[in-house]
file target-v7.txt (compact mmCIF, C-alpha atoms and all ligand atoms)
# COMPACT_ATOMS: atom_id res chain seq x y z
CA MET I 458 -7.67 19.84 -88.74
CA LEU I 459 -9.82 16.80 -87.97
CA PRO I 460 -8.27 13.34 -88.18
CA PRO I 461 -9.41 11.12 -91.04
CA PRO I 462 -12.85 9.52 -90.35
CA ARG I 463 -11.56 6.02 -89.47
CA ALA I 464 -9.07 7.34 -87.03
CA ARG I 465 -11.78 9.54 -85.55
CA VAL I 466 -14.06 6.54 -85.03
CA ARG I 467 -11.22 4.65 -83.31
CA ALA I 468 -10.53 7.56 -81.04
CA GLU I 469 -14.21 7.87 -80.16
CA CYS I 470 -14.29 4.14 -79.41
CA GLY I 471 -11.20 4.48 -77.24
CA LYS I 472 -12.83 7.28 -75.33
CA ASP I 473 -15.96 5.22 -74.82
CA ALA I 474 -13.82 2.32 -73.58
CA THR I 475 -12.01 4.61 -71.14
CA ASN I 476 -15.29 6.01 -69.86
CA ALA I 477 -16.61 2.51 -69.34
CA MET I 478 -13.51 1.50 -67.39
CA GLU I 479 -13.68 4.61 -65.24
CA THR I 480 -17.31 4.04 -64.48
CA ALA I 481 -16.62 0.42 -63.59
CA ALA I 482 -13.79 1.52 -61.28
CA LYS I 483 -16.12 4.01 -59.59
CA ASP I 484 -18.71 1.29 -59.07
CA THR I 485 -16.10 -1.00 -57.59
CA ILE I 486 -14.95 1.74 -55.19
CA ASP I 487 -18.54 2.58 -54.23
CA ARG I 488 -19.32 -1.06 -53.56
CA ALA I 489 -16.13 -1.52 -51.52
CA LEU I 490 -16.87 1.59 -49.46
CA ALA I 491 -20.45 0.49 -48.88
CA ALA I 492 -19.32 -3.00 -47.88
CA LEU I 493 -16.74 -1.63 -45.48
CA ALA I 494 -19.21 0.85 -43.98
CA GLU I 495 -21.63 -1.99 -43.51
CA SER I 496 -19.21 -4.47 -41.99
CA PHE I 497 -16.78 -2.56 -39.76
CA PRO I 498 -19.11 -1.85 -36.78
CA ALA I 499 -19.75 -5.56 -36.31
CA ARG I 500 -16.03 -6.33 -36.64
CA PHE I 501 -15.24 -3.82 -33.90
CA GLU I 502 -17.98 -5.20 -31.69
CA ALA I 503 -16.55 -8.69 -32.14
CA ALA I 504 -13.14 -7.58 -30.78
CA GLU I 505 -13.12 -8.61 -27.13
CA THR I 506 -9.76 -7.21 -26.09
CA GLU I 507 -7.98 -3.94 -26.66
CA GLN I 508 -5.32 -5.69 -28.73
CA ALA I 509 -7.87 -7.44 -30.95
CA LEU I 510 -9.59 -4.08 -31.47
CA ARG I 511 -6.35 -2.35 -32.39
CA ASP I 512 -5.52 -5.15 -34.83
CA GLU I 513 -8.91 -4.82 -36.47
CA ASN I 514 -8.52 -1.05 -36.68
CA ALA I 515 -5.11 -1.46 -38.32
CA LYS I 516 -6.64 -3.80 -40.91
CA ILE I 517 -8.92 -0.94 -41.97
CA LEU I 518 -6.95 2.27 -41.43
CA GLY I 519 -3.37 0.96 -41.45
CA LYS I 520 -0.85 1.63 -44.25
CA LYS I 521 -1.82 -1.64 -45.87
CA GLY I 522 -5.42 -1.38 -44.64
CA GLU I 523 -8.62 -1.81 -46.58
CA LEU I 524 -9.57 1.87 -46.70
CA THR I 525 -6.08 2.80 -47.88
CA ALA I 526 -6.36 0.19 -50.62
CA ILE I 527 -9.65 1.69 -51.74
CA LEU I 528 -8.12 5.16 -51.78
CA LYS I 529 -5.37 3.90 -54.11
CA GLU I 530 -8.05 3.04 -56.68
CA LEU I 531 -9.31 6.62 -56.70
CA GLY I 532 -7.14 7.55 -59.73
CA LYS I 533 -9.04 5.04 -61.87
CA ALA I 534 -12.43 6.67 -61.25
CA PRO I 535 -13.80 9.39 -63.56
CA PRO I 536 -12.16 12.75 -62.71
CA GLU I 537 -15.50 14.45 -62.06
CA ALA I 538 -16.45 11.75 -59.51
CA ARG I 539 -13.20 11.76 -57.57
CA LYS I 540 -14.08 14.63 -55.23
CA ALA I 541 -17.29 12.96 -54.11
CA ILE I 542 -15.51 9.64 -53.61
CA GLY I 543 -12.77 11.38 -51.60
CA GLU I 544 -15.44 12.88 -49.35
CA SER I 545 -17.08 9.50 -48.85
CA VAL I 546 -13.72 7.99 -47.96
CA ASN I 547 -13.05 10.73 -45.40
CA ARG I 548 -16.52 10.39 -43.92
CA LEU I 549 -16.06 6.66 -43.53
CA LYS I 550 -12.62 7.19 -42.02
CA ARG I 551 -14.11 9.51 -39.39
CA ASP I 552 -16.85 6.99 -38.66
CA VAL I 553 -14.28 4.23 -38.23
CA GLU I 554 -12.19 6.38 -35.90
CA ALA I 555 -15.15 7.40 -33.79
CA ARG I 556 -16.40 3.83 -33.53
CA PHE I 557 -12.89 2.63 -32.62
CA GLU I 558 -12.61 5.14 -29.74
CA ALA I 559 -16.06 4.26 -28.46
CA ARG I 560 -15.31 0.55 -28.52
CA LEU I 561 -11.94 1.12 -26.84
CA ALA I 562 -13.64 2.98 -24.00
CA ALA I 563 -16.27 0.26 -23.73
CA ILE I 564 -13.63 -2.47 -23.41
CA ALA I 565 -11.77 -0.48 -20.71
CA LYS I 566 -15.01 0.12 -18.82
CA ARG I 567 -15.95 -3.54 -18.97
CA LEU I 568 -12.53 -4.53 -17.55
CA ARG I 569 -12.87 -1.98 -14.77
CA ASP I 570 -16.41 -3.06 -13.93
CA ALA I 571 -15.27 -6.66 -13.80
CA ASP I 572 -12.43 -5.66 -11.53
CA LEU I 573 -14.68 -3.71 -9.18
CA SER I 574 -17.37 -6.33 -8.98
CA ALA I 575 -14.91 -9.23 -8.59
CA ARG I 576 -14.66 -10.89 -5.22
CA PRO I 577 -12.06 -9.06 -3.12
CA PHE I 578 -8.75 -10.75 -2.40
CA ASP I 579 -8.86 -12.74 0.78
CA LEU I 580 -5.67 -11.68 2.49
CA THR I 581 -6.15 -14.26 5.22
CA LEU I 582 -5.90 -17.23 2.86
CA PRO I 583 -2.73 -19.22 3.49
CA PRO I 584 -0.35 -19.19 0.48
CA ARG I 585 0.01 -22.34 -1.63
CA ILE I 586 3.80 -22.01 -1.57
CA PRO I 587 5.19 -21.71 1.96
CA VAL I 588 6.62 -18.26 2.61
CA GLY I 589 9.58 -17.85 4.95
CA ARG I 590 9.07 -15.66 7.98
CA GLY I 591 11.07 -12.45 8.20
CA HIS I 592 13.21 -11.62 11.18
CA LYS I 593 15.32 -8.83 12.58
CA HIS I 594 18.38 -7.64 10.69
CA PRO I 595 21.55 -8.55 12.64
CA ILE I 596 22.31 -4.84 13.19
CA ASN I 597 18.87 -4.26 14.69
CA ALA I 598 19.10 -7.39 16.79
CA VAL I 599 22.46 -6.32 18.22
CA ARG I 600 21.29 -2.74 18.75
CA GLU I 601 18.30 -3.97 20.74
CA ASP I 602 20.54 -6.21 22.82
CA VAL I 603 22.98 -3.38 23.55
CA ILE I 604 20.13 -1.01 24.45
CA GLU I 605 18.68 -3.68 26.73
CA ILE I 606 22.01 -4.13 28.51
CA PHE I 607 22.43 -0.39 29.12
CA ARG I 608 18.80 0.02 30.13
CA GLY I 609 19.48 -2.62 32.74
CA LEU I 610 22.32 -0.45 34.02
CA GLY I 611 20.04 2.59 34.34
CA PHE I 612 20.67 4.39 31.03
CA ALA I 613 17.77 5.95 29.10
CA VAL I 614 17.60 6.21 25.30
CA HIS I 615 18.13 9.65 23.72
CA ASP I 616 17.66 10.58 20.06
CA GLY I 617 19.09 13.28 17.78
CA PRO I 618 19.03 14.42 14.13
CA ASP I 619 21.03 12.88 11.26
CA VAL I 620 21.68 16.32 9.72
CA GLU I 621 23.56 18.38 12.25
CA LEU I 622 25.17 21.78 12.75
CA GLU I 623 28.95 21.77 12.46
CA GLU I 624 29.02 23.25 15.97
CA ASN I 625 27.22 20.26 17.53
CA ASN I 626 29.11 17.67 15.51
CA PHE I 627 32.62 19.09 15.97
CA GLY I 628 32.86 22.52 17.65
CA LYS I 629 31.37 21.81 21.07
CA LEU I 630 33.18 18.46 21.24
CA GLY I 631 36.52 20.25 21.24
CA PHE I 632 37.63 19.29 17.74
CA PRO I 633 40.32 21.77 16.67
CA PRO I 634 39.26 23.55 13.44
CA ASP I 635 42.02 21.78 11.47
CA HIS I 636 41.30 18.29 12.85
CA PRO I 637 41.41 15.72 10.04
CA ALA I 638 37.93 14.44 10.94
CA THR I 639 36.45 17.83 10.03
CA ASP I 640 38.04 17.59 6.58
CA MET I 641 35.85 17.63 3.47
CA GLN I 642 37.29 14.21 2.66
CA ASP I 643 35.74 12.66 5.75
CA SER I 644 32.36 14.33 6.07
CA PHE I 645 29.27 14.75 3.92
CA TRP I 646 28.48 18.45 3.96
CA THR I 647 25.07 19.77 2.96
CA THR I 648 24.49 23.54 2.94
CA GLY I 649 24.83 26.40 5.40
CA GLY I 650 27.34 24.72 7.72
CA HIS I 651 25.27 21.53 8.07
CA LEU I 652 26.60 18.02 7.63
CA LEU I 653 25.49 14.44 8.05
CA ARG I 654 26.61 13.62 11.57
CA THR I 655 29.89 11.70 11.64
CA HIS I 656 29.17 10.19 15.06
CA THR I 657 26.36 9.97 17.61
CA SER I 658 28.26 12.33 19.93
CA ASN I 659 26.04 15.14 18.66
CA ILE I 660 23.33 13.60 20.84
CA GLN I 661 25.59 13.92 23.87
CA VAL I 662 26.12 17.61 23.06
CA ARG I 663 22.41 18.22 22.60
CA ALA I 664 21.43 16.36 25.78
CA MET I 665 24.04 18.16 27.89
CA SER I 666 23.10 21.56 26.40
CA LEU I 667 19.42 21.07 27.18
CA GLN I 668 19.44 19.20 30.47
CA LYS I 669 21.11 19.55 33.80
CA PRO I 670 23.07 16.65 35.31
CA PRO I 671 22.91 14.05 36.65
CA MET I 672 22.13 12.12 33.49
CA ALA I 673 22.81 8.72 31.96
CA PHE I 674 21.86 8.21 28.32
CA ILE I 675 22.46 5.88 25.43
CA ALA I 676 22.26 7.33 21.93
CA PRO I 677 21.94 4.87 19.04
CA GLY I 678 21.84 6.11 15.44
CA SER I 679 23.09 6.10 11.86
CA VAL I 680 26.31 8.01 11.14
CA PHE I 681 27.97 9.02 7.88
CA ARG I 682 31.57 9.25 6.73
CA ARG I 683 33.28 9.21 3.37
CA ASP I 684 34.82 5.78 3.92
CA ASP I 685 34.24 2.78 1.72
CA ASP I 686 36.16 -0.52 1.94
CA ALA I 687 35.87 -4.04 3.40
CA THR I 688 35.70 -2.78 6.99
CA HIS I 689 34.12 0.65 6.37
CA SER I 690 30.77 1.69 4.94
CA PRO I 691 29.77 5.33 4.19
CA MET I 692 26.80 4.81 6.50
CA PHE I 693 27.05 2.78 9.66
CA HIS I 694 25.50 2.56 13.09
CA GLN I 695 26.90 3.80 16.34
CA LEU I 696 25.76 3.62 19.87
CA GLU I 697 27.06 6.03 22.42
CA ALA I 698 26.62 5.89 26.18
CA PHE I 699 27.39 8.78 28.49
CA LEU I 700 26.93 9.45 32.16
CA VAL I 701 27.37 12.74 34.02
CA ASP I 702 27.22 13.10 37.78
CA GLU I 703 29.27 14.29 40.73
CA ARG I 704 32.48 12.36 41.40
CA VAL I 705 32.20 10.04 38.39
CA SER I 706 35.55 8.37 37.80
CA MET I 707 37.30 6.03 35.42
CA ALA I 708 36.38 3.22 37.84
CA HIS I 709 32.69 3.70 37.04
CA LEU I 710 33.50 3.55 33.35
CA ARG I 711 35.53 0.38 33.88
CA GLY I 712 32.65 -1.19 35.80
CA VAL I 713 30.11 -0.40 33.09
CA LEU I 714 32.45 -1.81 30.40
CA ALA I 715 33.03 -5.04 32.34
CA GLU I 716 29.29 -5.48 32.82
CA PHE I 717 28.61 -4.77 29.16
CA ALA I 718 31.25 -7.28 27.99
CA ALA I 719 29.93 -9.95 30.34
CA ARG I 720 26.32 -9.50 29.24
CA MET I 721 27.16 -9.20 25.54
CA TYR I 722 29.91 -11.81 25.11
CA GLY I 723 29.50 -14.05 28.14
CA PRO I 724 30.43 -13.97 31.83
CA GLY I 725 34.11 -13.51 32.59
CA THR I 726 34.93 -11.89 29.22
CA PRO I 727 38.16 -10.00 29.99
CA VAL I 728 38.31 -6.26 29.31
CA ARG I 729 41.35 -4.05 29.00
CA LEU I 730 41.80 -0.33 28.36
CA ARG I 731 44.59 1.10 26.23
CA PRO I 732 45.34 4.83 26.37
CA SER I 733 44.18 6.59 23.21
CA TYR I 734 43.33 10.05 21.95
CA PHE I 735 39.90 11.43 21.12
CA PRO I 736 39.39 15.21 21.17
CA PHE I 737 36.31 15.05 23.40
CA VAL I 738 37.66 12.92 26.27
CA GLU I 739 40.56 13.15 28.71
CA PRO I 740 41.91 10.64 29.44
CA GLY I 741 40.77 8.57 26.46
CA ALA I 742 41.05 4.83 25.94
CA GLU I 743 40.36 2.09 23.44
CA VAL I 744 38.66 -0.96 24.87
CA ASP I 745 39.64 -4.52 24.00
CA ILE I 746 37.87 -7.69 25.00
CA GLY I 747 39.32 -11.18 25.07
CA CYS I 748 39.09 -12.57 21.52
CA VAL I 749 35.74 -14.29 21.01
CA PHE I 750 37.03 -16.37 18.09
CA CYS I 751 39.92 -18.28 19.70
CA LYS I 752 38.58 -18.57 23.24
CA ARG I 753 39.40 -21.95 24.81
CA ALA I 754 37.07 -23.85 27.11
CA ASP I 755 39.24 -22.90 30.10
CA GLY I 756 38.83 -19.19 29.28
CA THR I 757 42.32 -18.66 27.84
CA ARG I 758 42.93 -17.56 24.22
CA ALA I 759 44.81 -19.56 21.62
CA GLY I 760 45.41 -16.57 19.32
CA CYS I 761 44.03 -16.37 15.79
CA SER I 762 44.28 -14.28 12.65
CA LEU I 763 41.26 -12.17 13.66
CA CYS I 764 42.94 -11.02 16.88
CA LYS I 765 46.33 -10.98 15.14
CA HIS I 766 47.45 -13.64 17.66
CA THR I 767 47.19 -11.23 20.58
CA GLY I 768 44.08 -12.76 22.16
CA TRP I 769 42.48 -9.27 22.26
CA ILE I 770 39.97 -7.56 19.98
CA GLU I 771 39.13 -3.87 20.00
CA ILE I 772 35.43 -3.12 20.47
CA LEU I 773 35.00 0.56 21.30
CA GLY I 774 36.47 3.90 22.32
CA CYS I 775 35.80 5.73 25.58
CA GLY I 776 37.06 8.22 28.12
CA MET I 777 36.23 10.86 30.69
CA ILE I 778 34.26 13.73 29.11
CA HIS I 779 36.66 16.63 28.47
CA PRO I 780 36.08 19.79 30.56
CA VAL I 781 36.04 21.75 27.29
CA VAL I 782 32.94 19.82 26.22
CA PHE I 783 31.21 20.50 29.55
CA GLU I 784 31.95 24.20 29.24
CA ALA I 785 30.70 24.31 25.63
CA CYS I 786 27.43 22.74 26.82
CA GLY I 787 27.03 25.03 29.84
CA ILE I 788 27.90 22.47 32.53
CA ASP I 789 30.31 23.38 35.34
CA PRO I 790 33.34 21.07 34.94
CA GLU I 791 34.48 21.82 38.50
CA ARG I 792 31.37 20.20 39.90
CA TRP I 793 30.40 17.58 37.31
CA THR I 794 32.38 14.77 35.77
CA GLY I 795 31.33 12.02 33.42
CA PHE I 796 32.33 9.38 30.97
CA ALA I 797 31.36 8.56 27.40
CA LEU I 798 31.82 5.47 25.29
CA GLY I 799 31.00 4.88 21.65
CA MET I 800 30.82 1.72 19.62
CA GLY I 801 30.13 0.78 16.02
CA LEU I 802 27.20 -1.64 15.99
CA GLU I 803 28.46 -3.30 12.78
CA ARG I 804 31.66 -4.19 14.61
CA ILE I 805 29.83 -5.46 17.68
CA ALA I 806 27.68 -7.67 15.44
CA MET I 807 30.71 -8.80 13.38
CA LEU I 808 32.33 -10.01 16.59
CA ARG I 809 29.20 -11.68 17.81
CA TYR I 810 28.41 -13.54 14.57
CA GLY I 811 31.88 -13.81 12.99
CA ILE I 812 30.98 -11.70 9.94
CA PRO I 813 34.07 -10.92 7.81
CA ASN I 814 32.83 -8.05 5.60
CA ILE I 815 30.76 -5.00 6.54
CA LYS I 816 29.18 -4.87 3.05
CA LEU I 817 27.23 -8.03 3.81
CA TYR I 818 25.00 -6.04 6.17
CA PHE I 819 23.74 -3.76 3.43
CA GLU I 820 23.46 -6.05 0.40
CA ASN I 821 20.22 -7.60 1.69
CA ASP I 822 21.15 -11.01 0.33
CA PRO I 823 18.65 -13.44 1.86
CA ARG I 824 21.31 -16.18 1.94
CA PHE I 825 23.25 -14.00 4.38
CA LEU I 826 20.31 -12.68 6.37
CA ALA I 827 18.73 -16.11 6.77
CA GLN I 828 21.73 -17.22 8.85
CA PHE I 829 20.71 -15.17 11.88
ZN ZN W 901 41.63 -14.67 18.43
call {"tool": "encode", "arguments": {"input": "target-v7.txt", "output": "structure tokens"}}
result
Amino acid sequence: MLPPPRARVRAECGKDATNAMETAAKDTIDRALAALAESFPARFEAAETEQALRDENAKILGKKGELTAILKELGKAPPEARKAIGESVNRLKRDVEARFEARLAAIAKRLRDADLSARPFDLTLPPRIPVGRGHKHPINAVREDVIEIFRGLGFAVHDGPDVELEENNFGKLGFPPDHPATDMQDSFWTTGGHLLRTHTSNIQVRAMSLQKPPMAFIAPGSVFRRDDDATHSPMFHQLEAFLVDERVSMAHLRGVLAEFAARMYGPGTPVRLRPSYFPFVEPGAEVDIGCVFCKRADGTRAGCSLCKHTGWIEILGCGMIHPVVFEACGIDPERWTGFALGMGLERIAMLRYGIPNIKLYFENDPRFLAQF
């Protein structure tokens, strides 16, 4: 049944009003889309930096962007026009995206071109702020000094690997299989019976296995043990010296030690040997020198906390190479004899410079390093 005529007229009017509003909304959207399509290329071109370009892009395509705002008005347009408007919006969106990418690439290219065509850095220009000169690390300085001293005594430098076979690190040196030094607690094991060498004595083994005596070598290098406290570091530096010849005796060893102490710590530095045990020497000894910290002008020692008031400080271990080691390396122990001595370079440097803590060597604090 039709509504009464008046009501019908009102309804028709309402429909006309709705149509007019929808048409107006469509016009507004069309104008907005046209304006945006017209203006965005120039806005992108005006963006000089990547950030400015991204900001501009967000103003158009972002959640609160202009195109998104236009899209929100779509529901007000006449239903039959919505599909076409949606397509226009998508087309414009694709245009904006393509133009954005192109502009982004252009900005990157311009930066790169500017970079490539810029004048190259002049590395020879003096800096405006004065830069301190570097210098040798105390460990390196001491190692070079020790090498120089032994070179002067006729020793040549020999090298060896950091990762070593168990046999060269322990076996051939006469370590019993259950010796505490071979324990997992003390060594860094890798795979297949290899470990990080725990001392530079592996170089002695290698040299003696490959060469025939007479020989006199020094072997400096990094060594690794699972130790970590104020006087121990898991990595430290050793220097070993060994000499093999006919009729080498403890007296030769004593002479080399006295010469080393004199050249390293000053003429007349007293040296004493205390009997000690190392598996690879017989007899073995620890070497003390007169304390360098409490030495008086007349050459006597006052005693101090560093030498525990004895006037003596231990610097290295040494001894006559054990016949077992010679045999393991294929050298006839009836004919050849020799001595070996090994020192920790950190300790030698600590004594020379009065450094209290081994960690200081490895922290690379310029306030510490600048003191040498
Ligand atoms: Zn002292």
call {"tool": "residues_near_ligand", "arguments": {"input": "target-v7.txt", "ligand": "ligand ZN 901 (chain W)", "cutoff": "7 Å", "atoms": "all atoms listed in the file", "output": "PyMOL selection string"}}
result
chain I and resi 748-752+758-769
call {"tool": "closest_residue", "arguments": {"input": "target-v7.txt", "among": "I:Leu802, I:Ala754, I:Leu773, I:Leu610", "to": "Tyr818 in chain I", "atoms": "all atoms listed in the file"}}
result
I:Leu802
call {"tool": "closest_residue", "arguments": {"input": "target-v7.txt", "among": "I:Leu549, I:Ala474, I:Asn814, I:Leu561", "to": "Glu507 in chain I", "atoms": "only C-alpha atoms"}}
result
I:Leu561
call {"tool": "atom_distance", "arguments": {"input": "target-v7.txt", "atom1": "CA of Ile660 in chain I", "atom2": "CA of Lys816 in chain I"}}
result
26.3 Å
call {"tool": "atom_distance", "arguments": {"input": "target-v7.txt", "atom1": "CA of Met707 in chain I", "atom2": "CA of Ala797 in chain I"}}
result
10.3 Å
call {"tool": "residues_around", "arguments": {"input": "target-v7.txt", "residues": "Phe735 in chain I", "least_positions_apart": "3", "cutoff": "12 Å", "atoms": "only C-alpha atoms", "output": "VMD selection string"}}
result
chain I and resid 627 630 to 633 636 to 638 658 732 738 to 743 773 to 779 797 to 799
call {"tool": "closest_residue", "arguments": {"input": "target-v7.txt", "among": "I:Pro587, I:His709, I:Asp473, I:Pro790", "to": "Pro670 in chain I", "atoms": "only C-alpha atoms"}}
result
I:Pro790
call {"tool": "closest_residue", "arguments": {"input": "target-v7.txt", "among": "I:Leu652, I:Leu490, I:Ile586, I:Leu667", "to": "Val620 in chain I", "atoms": "only C-alpha atoms"}}
result
I:Leu652
call {"tool": "residues_around", "arguments": {"input": "target-v7.txt", "residues": "Ala538 in chain I", "least_positions_apart": "6", "cutoff": "10 Å", "atoms": "all atoms listed in the file", "output": "MDAnalysis selection string"}}
result
chainID I and resid 479:480 483 531
call {"tool": "decode", "arguments": {"input": "target-v7.txt", "residues": "range 734-761 of chain I", "atoms": "N, CA and C atoms", "output": "JSON list (two decimals), in the first residue's frame"}}
result
[["chain", "number", "residue", "atom", "x", "y", "z"],
["I", 734, "TYR", "N", 111.71, -29.07, 41.41],
["I", 734, "TYR", "CA", 111.35, -30.18, 40.53],
["I", 734, "TYR", "C", 110.53, -29.72, 39.34],
["I", 735, "PHE", "N", 111.01, -30.06, 38.14],
["I", 735, "PHE", "CA", 110.19, -29.97, 36.92],
["I", 735, "PHE", "C", 110.39, -31.30, 36.21],
["I", 736, "PRO", "N", 109.34, -31.86, 35.61],
["I", 736, "PRO", "CA", 109.49, -33.20, 35.04],
["I", 736, "PRO", "C", 110.55, -33.30, 33.95],
["I", 737, "PHE", "N", 110.80, -32.19, 33.25],
["I", 737, "PHE", "CA", 111.65, -32.28, 32.05],
["I", 737, "PHE", "C", 113.11, -31.89, 32.28],
["I", 738, "VAL", "N", 113.50, -31.67, 33.54],
["I", 738, "VAL", "CA", 114.91, -31.36, 33.83],
["I", 738, "VAL", "C", 115.39, -32.20, 35.02],
["I", 739, "GLU", "N", 116.69, -32.42, 35.05],
["I", 739, "GLU", "CA", 117.30, -33.12, 36.19],
["I", 739, "GLU", "C", 118.78, -32.79, 36.23],
["I", 740, "PRO", "N", 119.32, -32.08, 37.22],
["I", 740, "PRO", "CA", 118.55, -31.49, 38.30],
["I", 740, "PRO", "C", 117.79, -30.24, 37.83],
["I", 741, "GLY", "N", 116.77, -29.84, 38.62],
["I", 741, "GLY", "CA", 116.01, -28.64, 38.30],
["I", 741, "GLY", "C", 116.22, -27.59, 39.37],
["I", 742, "ALA", "N", 116.04, -26.34, 39.02],
["I", 742, "ALA", "CA", 116.25, -25.27, 40.00],
["I", 742, "ALA", "C", 115.33, -24.10, 39.71],
["I", 743, "GLU", "N", 114.98, -23.38, 40.78],
["I", 743, "GLU", "CA", 114.32, -22.08, 40.62],
["I", 743, "GLU", "C", 115.40, -21.03, 40.79],
["I", 744, "VAL", "N", 115.27, -19.95, 40.03],
["I", 744, "VAL", "CA", 116.30, -18.92, 40.05],
["I", 744, "VAL", "C", 115.77, -17.67, 40.73],
["I", 745, "ASP", "N", 116.50, -17.18, 41.71],
["I", 745, "ASP", "CA", 116.17, -15.91, 42.37],
["I", 745, "ASP", "C", 117.21, -14.88, 41.99],
["I", 746, "ILE", "N", 116.77, -13.64, 41.92],
["I", 746, "ILE", "CA", 117.75, -12.54, 41.82],
["I", 746, "ILE", "C", 117.59, -11.66, 43.06],
["I", 747, "GLY", "N", 118.63, -10.88, 43.34],
["I", 747, "GLY", "CA", 118.53, -9.94, 44.45],
["I", 747, "GLY", "C", 117.37, -8.99, 44.19],
["I", 748, "CYS", "N", 116.55, -8.76, 45.24],
["I", 748, "CYS", "CA", 115.32, -7.96, 45.08],
["I", 748, "CYS", "C", 115.64, -6.61, 44.45],
["I", 749, "VAL", "N", 114.86, -6.29, 43.39],
["I", 749, "VAL", "CA", 115.11, -5.04, 42.68],
["I", 749, "VAL", "C", 114.38, -3.87, 43.35],
["I", 750, "PHE", "N", 113.49, -4.18, 44.31],
["I", 750, "PHE", "CA", 112.67, -3.13, 44.92],
["I", 750, "PHE", "C", 113.33, -2.51, 46.16],
["I", 751, "CYS", "N", 114.13, -3.32, 46.90],
["I", 751, "CYS", "CA", 114.68, -2.79, 48.15],
["I", 751, "CYS", "C", 116.22, -2.75, 48.09],
["I", 752, "LYS", "N", 116.73, -2.68, 46.87],
["I", 752, "LYS", "CA", 118.19, -2.64, 46.70],
["I", 752, "LYS", "C", 118.73, -1.30, 47.21],
["I", 753, "ARG", "N", 119.78, -1.39, 48.06],
["I", 753, "ARG", "CA", 120.41, -0.16, 48.56],
["I", 753, "ARG", "C", 121.51, 0.29, 47.60],
["I", 754, "ALA", "N", 121.95, 1.51, 47.79],
["I", 754, "ALA", "CA", 123.00, 2.05, 46.91],
["I", 754, "ALA", "C", 124.27, 1.20, 46.99],
["I", 755, "ASP", "N", 124.55, 0.64, 48.15],
["I", 755, "ASP", "CA", 125.78, -0.17, 48.28],
["I", 755, "ASP", "C", 125.60, -1.60, 47.78],
["I", 756, "GLY", "N", 124.43, -1.90, 47.18],
["I", 756, "GLY", "CA", 124.23, -3.23, 46.59],
["I", 756, "GLY", "C", 123.60, -4.24, 47.54],
["I", 757, "THR", "N", 123.46, -3.89, 48.83],
["I", 757, "THR", "CA", 122.78, -4.80, 49.76],
["I", 757, "THR", "C", 121.27, -4.57, 49.67],
["I", 758, "ARG", "N", 120.48, -5.50, 50.29],
["I", 758, "ARG", "CA", 119.03, -5.39, 50.24],
["I", 758, "ARG", "C", 118.46, -5.12, 51.63],
["I", 759, "ALA", "N", 117.51, -4.17, 51.68],
["I", 759, "ALA", "CA", 116.91, -3.84, 52.97],
["I", 759, "ALA", "C", 115.81, -4.84, 53.35],
["I", 760, "GLY", "N", 115.23, -5.51, 52.36],
["I", 760, "GLY", "CA", 114.07, -6.38, 52.61],
["I", 760, "GLY", "C", 112.80, -5.57, 52.47],
["I", 761, "CYS", "N", 111.81, -6.13, 51.78],
["I", 761, "CYS", "CA", 110.55, -5.41, 51.59],
["I", 761, "CYS", "C", 109.43, -6.43, 51.45]]
